[in-house]
2 protein chains.
Amino acid sequence: MTKFDVQLGERSYPIYIGKNIREEPTHLSRHVHGGTVFIISNDKVAPLYLDAILNNCRKYICHHLILPDGEIYKSLDTMNLIYSALLKNHCDRDTTLIALGGGVIGDITGFAAATYQRGVNFIQIPTTLLAQVDSSVGGKTGVNHVLGKNMIGAFYQPQCVIADLSTLNTLEDRELSAGIAEIIKYGLIGDAEFFVWLEHNINQLLARDSNALAYAVQVSCKNKAQIVAEDELEQTGKRALLNYGHTFGHAIETSAGYGNWIHGEAVACGMLMAASLSMKLGWATEQDYRRIAKLLEIAKLPTEPPEDMQATEFKNLMAIDKKTRSGTLHLVLLKGIGKAVLTSEFPAPLLEDVLREFCKL
Amino acid sequence: MTKFDVQLGERSYPIYIGKNIREEPTHLSRHVHGGTVFIISNDKVAPLYLDAILNNCRKYICHHLILPDGEIYKSLDTMNLIYSALLKNHCDRDTTLIALGGGVIGDITGFAAATYQRGVNFIQIPTTLLAQVDSSVGGKTGVNHVLGKNMIGAFYQPQCVIADLSTLNTLEDRELSAGIAEIIKYGLIGDAEFFVWLEHNINQLLARDSNALAYAVQVSCKNKAQIVAEDELEQTGKRALLNYGHTFGHAIETSAGYGNWIHGEAVACGMLMAASLSMKLGWATEQDYRRIAKLLEIAKLPTEPPEDMQATEFKNLMAIDKKTRSGTLHLVLLKGIGKAVLTSEFPAPLLEDVLREFCKL
């Protein structure tokens with residue numbers, strides 16, 4: 001097992017990464033400070049892993065709530081369900097919420113923890129690759145609004161993250177690839193050496209080789225922890241680099257309807273579109289672009305937006321993304337593989353060229 | 001005009017107190033950092049004061065949303081309305097929300113600011129006495145849940161508070177008294193000298209004497225700022241002292257239905273009930289109790305719970321208050337006037353005696 005800290009002063013917390021560590025009660029007991037835990041999971045993950053967690057929680061008063069699986073449940077309505085369940089069970093401020101599931105469960109549970117009685121503790125037990133390498137680390141929590149993804153939320157850090165690599169064995173291939181998209185992102189935005197490692201080891205990852213997965217999760221989490229430590233609240237521009245591909249990706253997710261494209265898929269396509277714009281600006285080479293396209297394709301990730309998505313719709317959806325500041329669209333672009341920058345310095349016609357080339361309509 | 005700071009490190013902010021200061025554009029311009037403001041008010045306050053604020057915001061892109069007046073609108077449904085309005089107007093992270101109204105508007109707007117796009121700036125312009133001396137200061141934001149008051153929320157500090165004493169002239173007598181209840185609270189929990197001043201000046205306050213009001217608002221805000229600076233997140237027990245009378249009061253508000261009893265009225269009755277328990281414990285004298293009862297009565301505040309409220313209902317509602325920690329009810333009680341303590345060290349039968357004596361049923 002590996003352990004390292006996200007360095008955030010009094011909000012610092014450890015990430016534990018290892019096989020079967022969900023069955024180890026000491027990680028939980030070290031980070032649950034009151035007498036009550038409330039586990040939130042979904043109907044896909046709970047049948048597989050809830051019993052092990054309940055077993056580790058025998059010394060606490062223990063409640064759980066099983067939500068339906070899916071991004072459409074990442075909503076204010078679900079928040080209200082959670083608040084009601086917490087109140088009906090008389091959960092007080094000393095309750096620790098436990099998120100057992102993928103990114104959706106982690107985001108919802110974190111936001112519930114941030115806002116229930118003005119803040120209670122929570123623990124992340126991510127069970128998808130995407131959640132382990134990205135969404136469970138860094139304290140972004142929240143839900144979607146019909147008018148935009150992740151528009152409601154808070155920065156709120158967990159007490160710890162327990163990433164059990166064994167849970168990846170039950171993951172669908174599509175979910176595995178979606179997680180690999182975010183792993184590739186870390187290579188692209190700041191770790192050229194890791195990108196080369198990925199080019200050499202992508203087939204091992206797809207084959208779920210446990211050593212390859214362990215290495216990829218560790219490097220990804222360390223990259224993310226480093227960036228979050230430098231810019232917890234996304235104020236200096238550093239943390240925004242983690243949104244590479246996401247402004248394009250969110251537009252795809254909104255257009256396709258949440259859940260039809262899963263997050264990592266939309267980000268994969270978005271990363272290639274951002275690479276295309278970077279190339280048109282002369283910041284990335286054509287060879288960079290081809291290497292990115294090739295790695296995404298081998299990883300079985302989409303490199304084209306939904307067939308029915310129009311360039312104008314794409315542009316409008318990008319305009320309401322959170323990366324817009326004071327009316328100006330900011331994008332994360334590449335100055336070559338391993339070097340991302342946040343910028344609004346791109347000619348609008350170039351972006352329109354990219355949208356027209358990628359959209360069939 | 002008086003100005004002083006709530007000392008919270010990088011989250012410090014000033015409180016401006018004075019007559020007609022809403023008409024002074026410099027306070028706003030010093031604290032609005034982006035190009036867009038979004039004013040949230042209600043249909044009672046907006047006709048009186050919105051124009052003055054709009055006038056001060058001419059150099060910004062300026063939107064506003066007028067909600068119906070009333071505690072029943074302090075809900076997740078209203079939050080969703082606000083999020084929709086912000087998104088429809090393409091408000092980005094550089095938007096500053098402005099709360100123009102009483103405690104309900106301040107709490108709602110603050111929570112919207114805490115959770116819209118994971119946090120935007122906001123400014124408090126409280127227009128009721130209660131909001132000026134209490135709810136606008138200290139960063140408690142949130143909404144109610146059908147199962148309990150203020151159960152959903154966040155600690156989130158404003159950029160500044162602009163307390164215009166002139167807005168108190170249009171306040172209903174009942175609202176004035178409700179604000180005086182919280183002012184009396186500061187005397188009771190930590191400022192015996194101020195309590196004596198209140199005993200001598202209560203009639204001037206009721207007559208809206210502007211010097212008396214100015215002094216009472218200043219002393220109250222300074223008391224609150226001091227306590228908040230010591231314990232921003234209500235972790236050490238210090239800030240909890242501000243909840244004196246509130247656990248009883250919240251039970252009354254929930255039982256009566258939000259809005260039938262206004263907050264300050266419920267707190268007034270709750271403060272006397274807490275004083276009664278303090279007396280039964282031998283911590284406060286009978287004379288203390290009588291002085292408190294007398295001051296509340298002169299201030300035209302209720303000193304008995306709703307007629308149809310049963311002692312058992314009262315007890316059950318108190319059990320789900322946020323002051324419960326790990327299943328144990330904590331109450332703020334008095335060791336004499338000017339000295340409050342947070343404690344769970346009281347025999348349950350004594351609390352039941354208090355509830356039975358105050359409740360007719």
# chains A, B, ... in the order shown; residues from 1 in each chain; ligands from 1
>>> select_by_dssp(residues="segment 45-168 of chain B", states="strand (DSSP E)", output="JSON, numbers by chain")
{"B": [61, 62, 63, 64, 65, 66, 67, 95, 96, 97, 98, 99, 100, 101, 121, 122, 123, 124, 125, 126, 140, 141, 142, 143, 144, 145, 148, 149, 150, 151, 152, 153, 154, 155, 160, 161, 162, 163, 164]}
>>> residues_around(residues="segment 101-103 of chain A", least_positions_apart="3", cutoff="10 Å", atoms="only C-alpha atoms", output="number ranges by chain")
A: 40-46, 49-50, 69-71, 74, 98, 106-109, 124-132, 134-136, 141, 167, 175, 263
>>> write_last_selection(atoms="C-alpha atoms", output="tab-separated table (two decimals), in the first residue's frame")
chain	number	residue	atom	x	y	z
A	40	ILE	CA	-23.83	6.82	0.39
A	41	SER	CA	-23.49	4.44	-2.55
A	42	ASN	CA	-25.37	3.38	-5.67
A	43	ASP	CA	-27.19	0.23	-6.75
A	44	LYS	CA	-24.29	-0.89	-8.94
A	45	VAL	CA	-21.49	-0.56	-6.38
A	46	ALA	CA	-23.34	-1.38	-3.14
A	49	TYR	CA	-18.60	-3.56	-1.75
A	50	LEU	CA	-21.08	-2.27	0.83
A	69	ASP	CA	-26.64	4.76	-10.59
A	70	GLY	CA	-26.17	7.56	-13.10
A	71	GLU	CA	-25.14	11.15	-13.73
A	74	LYS	CA	-26.32	14.23	-9.56
A	98	ILE	CA	-18.69	7.95	3.40
A	106	GLY	CA	-18.19	11.25	-4.57
A	107	ASP	CA	-19.36	14.65	-5.84
A	108	ILE	CA	-22.84	14.27	-4.35
A	109	THR	CA	-21.61	12.97	-1.01
A	124	GLN	CA	-13.94	9.10	-0.17
A	125	ILE	CA	-13.83	5.41	-1.13
A	126	PRO	CA	-13.66	5.72	-4.94
A	127	THR	CA	-14.45	2.51	-6.83
A	128	THR	CA	-13.88	3.62	-10.43
A	129	LEU	CA	-10.59	4.46	-12.08
A	130	LEU	CA	-11.81	7.94	-12.92
A	131	ALA	CA	-12.77	8.65	-9.33
A	132	GLN	CA	-9.51	7.23	-8.00
A	134	ASP	CA	-9.29	12.48	-10.36
A	135	SER	CA	-12.63	13.31	-8.78
A	136	SER	CA	-12.01	11.90	-5.29
A	141	THR	CA	-17.93	18.68	-4.83
A	167	THR	CA	-12.40	-2.57	-7.11
A	175	GLU	CA	-15.44	2.91	-17.42
A	263	HIS	CA	-17.36	12.10	-18.34
>>> closest_atom_pairs(of="chain B", to="chain A", cutoff="7 Å", atoms="only C-alpha atoms", output="JSON lines")
{"residue": "B:Gly34", "atom": "CA", "partner": "A:Ser326", "partner_atom": "CA", "distance": 6.6}
{"residue": "B:Gly35", "atom": "CA", "partner": "A:Ser326", "partner_atom": "CA", "distance": 6.3}
{"residue": "B:Leu87", "atom": "CA", "partner": "A:Leu147", "partner_atom": "CA", "distance": 6.7}
{"residue": "B:His90", "atom": "CA", "partner": "A:Ile320", "partner_atom": "CA", "distance": 6.2}
{"residue": "B:Asp92", "atom": "CA", "partner": "A:Arg325", "partner_atom": "CA", "distance": 5.9}
{"residue": "B:Arg93", "atom": "CA", "partner": "A:Arg325", "partner_atom": "CA", "distance": 6.3}
{"residue": "B:Asp94", "atom": "CA", "partner": "A:Ser326", "partner_atom": "CA", "distance": 5.9}
{"residue": "B:Ala114", "atom": "CA", "partner": "A:Ala154", "partner_atom": "CA", "distance": 6.8}
{"residue": "B:Thr115", "atom": "CA", "partner": "A:Gly153", "partner_atom": "CA", "distance": 4.8}
{"residue": "B:Tyr116", "atom": "CA", "partner": "A:Ile152", "partner_atom": "CA", "distance": 4.9}
{"residue": "B:Gln117", "atom": "CA", "partner": "A:Met151", "partner_atom": "CA", "distance": 4.7}
{"residue": "B:Arg118", "atom": "CA", "partner": "A:Ala154", "partner_atom": "CA", "distance": 4.1}
{"residue": "B:Gly119", "atom": "CA", "partner": "A:Ala154", "partner_atom": "CA", "distance": 6.5}
{"residue": "B:Leu147", "atom": "CA", "partner": "A:Leu87", "partner_atom": "CA", "distance": 6.7}
{"residue": "B:Met151", "atom": "CA", "partner": "A:Gln117", "partner_atom": "CA", "distance": 4.7}
{"residue": "B:Ile152", "atom": "CA", "partner": "A:Tyr116", "partner_atom": "CA", "distance": 4.9}
{"residue": "B:Gly153", "atom": "CA", "partner": "A:Arg118", "partner_atom": "CA", "distance": 4.6}
{"residue": "B:Ala154", "atom": "CA", "partner": "A:Arg118", "partner_atom": "CA", "distance": 4.1}
{"residue": "B:Phe155", "atom": "CA", "partner": "A:Arg118", "partner_atom": "CA", "distance": 6.1}
{"residue": "B:Ile320", "atom": "CA", "partner": "A:His90", "partner_atom": "CA", "distance": 6.1}
{"residue": "B:Lys322", "atom": "CA", "partner": "A:Asp92", "partner_atom": "CA", "distance": 6.4}
{"residue": "B:Thr324", "atom": "CA", "partner": "A:Asp92", "partner_atom": "CA", "distance": 6.3}
{"residue": "B:Arg325", "atom": "CA", "partner": "A:Asp92", "partner_atom": "CA", "distance": 5.9}
{"residue": "B:Ser326", "atom": "CA", "partner": "A:Asp94", "partner_atom": "CA", "distance": 5.9}
>>> atom_distance(atom1="atom CA of Glu265 of chain B", atom2="atom CA of Leu317 of chain B")
17.3 Å
>>> closest_residue(among="B:Glu253, B:Asp231, B:Glu297, B:Asp164", to="Gly138 of chain B", atoms="only C-alpha atoms")
B:Asp231
>>> residues_around(residues="segment 179-186 of chain B", least_positions_apart="6", cutoff="7 Å", atoms="only C-alpha atoms", output="PyMOL selection string")
chain B and resi 129-130+133-134+195+220+223+264+267-268
>>> residues_around(residues="Cys269 of chain A", least_positions_apart="6", cutoff="7 Å", atoms="only C-alpha atoms", output="ChimeraX atom specification")
/A:249,302-305
>>> atom_distance(atom1="atom CA of Asn56 of chain A", atom2="atom CA of Val37 of chain A")
10.9 Å
>>> residues_around(residues="Glu357 of chain A", least_positions_apart="5", cutoff="12 Å", atoms="only C-alpha atoms", output="ChimeraX atom specification")
/A:272-273,276-277,280,303-305,309-311,350-352
>>> write_last_selection(atoms="C-alpha atoms", output="compact mmCIF listing (two decimals), in the first residue's frame")
# COMPACT_ATOMS: atom_id res chain seq x y z
CA LEU A 272 -8.11 16.20 -28.76
CA MET A 273 -10.12 19.27 -29.77
CA SER A 276 -6.19 20.73 -32.39
CA LEU A 277 -6.63 24.38 -31.40
CA LYS A 280 -3.59 25.70 -35.17
CA THR A 303 -12.14 11.36 -30.69
CA GLU A 304 -15.21 12.87 -32.35
CA PRO A 305 -18.20 14.66 -30.79
CA MET A 309 -23.93 18.05 -32.45
CA GLN A 310 -23.71 21.33 -34.37
CA ALA A 311 -20.73 23.69 -34.22
CA LEU A 350 -9.51 29.46 -35.00
CA LEU A 351 -11.79 27.99 -32.33
CA GLU A 352 -14.63 28.05 -34.84
>>> select_by_dssp(residues="segment 68-260 of chain A", states="alpha helix (DSSP H)", output="ChimeraX atom specification")
/A:76-88,103-115,129-130,173-190,192-206,210-230,246-256
>>> residues_around(residues="Ile337 of chain B", least_positions_apart="4", cutoff="8 Å", atoms="only C-alpha atoms", output="list in words")
Gly187, Leu188, Ile189, Gly190, Ala192, Phe195, Ala284 and Asp288 of chain B
>>> write_last_selection(atoms="C-alpha atoms", output="mmCIF file, in the first residue's frame")
data_model
loop_
_atom_site.group_PDB
_atom_site.id
_atom_site.type_symbol
_atom_site.label_atom_id
_atom_site.label_comp_id
_atom_site.auth_asym_id
_atom_site.auth_seq_id
_atom_site.Cartn_x
_atom_site.Cartn_y
_atom_site.Cartn_z
ATOM 1 C CA GLY B 187 -25.806 41.561 26.899
ATOM 2 C CA LEU B 188 -26.830 38.240 28.399
ATOM 3 C CA ILE B 189 -24.054 36.072 26.991
ATOM 4 C CA GLY B 190 -21.028 38.285 27.503
ATOM 5 C CA ALA B 192 -23.300 42.671 31.546
ATOM 6 C CA PHE B 195 -27.375 44.673 29.505
ATOM 7 C CA ALA B 284 -28.506 32.270 37.761
ATOM 8 C CA ASP B 288 -31.438 37.662 37.081
#
>>> residues_around(residues="Thr343 of chain B", least_positions_apart="3", cutoff="9 Å", atoms="only C-alpha atoms", output="number ranges by chain")
B: 329-333, 346
>>> atom_distance(atom1="atom CA of Lys300 of chain B", atom2="atom CA of Phe194 of chain B")
19.1 Å
>>> closest_residue(among="B:Leu295, B:Leu301, B:Leu355, B:Phe314", to="Ala274 of chain B", atoms="only C-alpha atoms")
B:Leu355
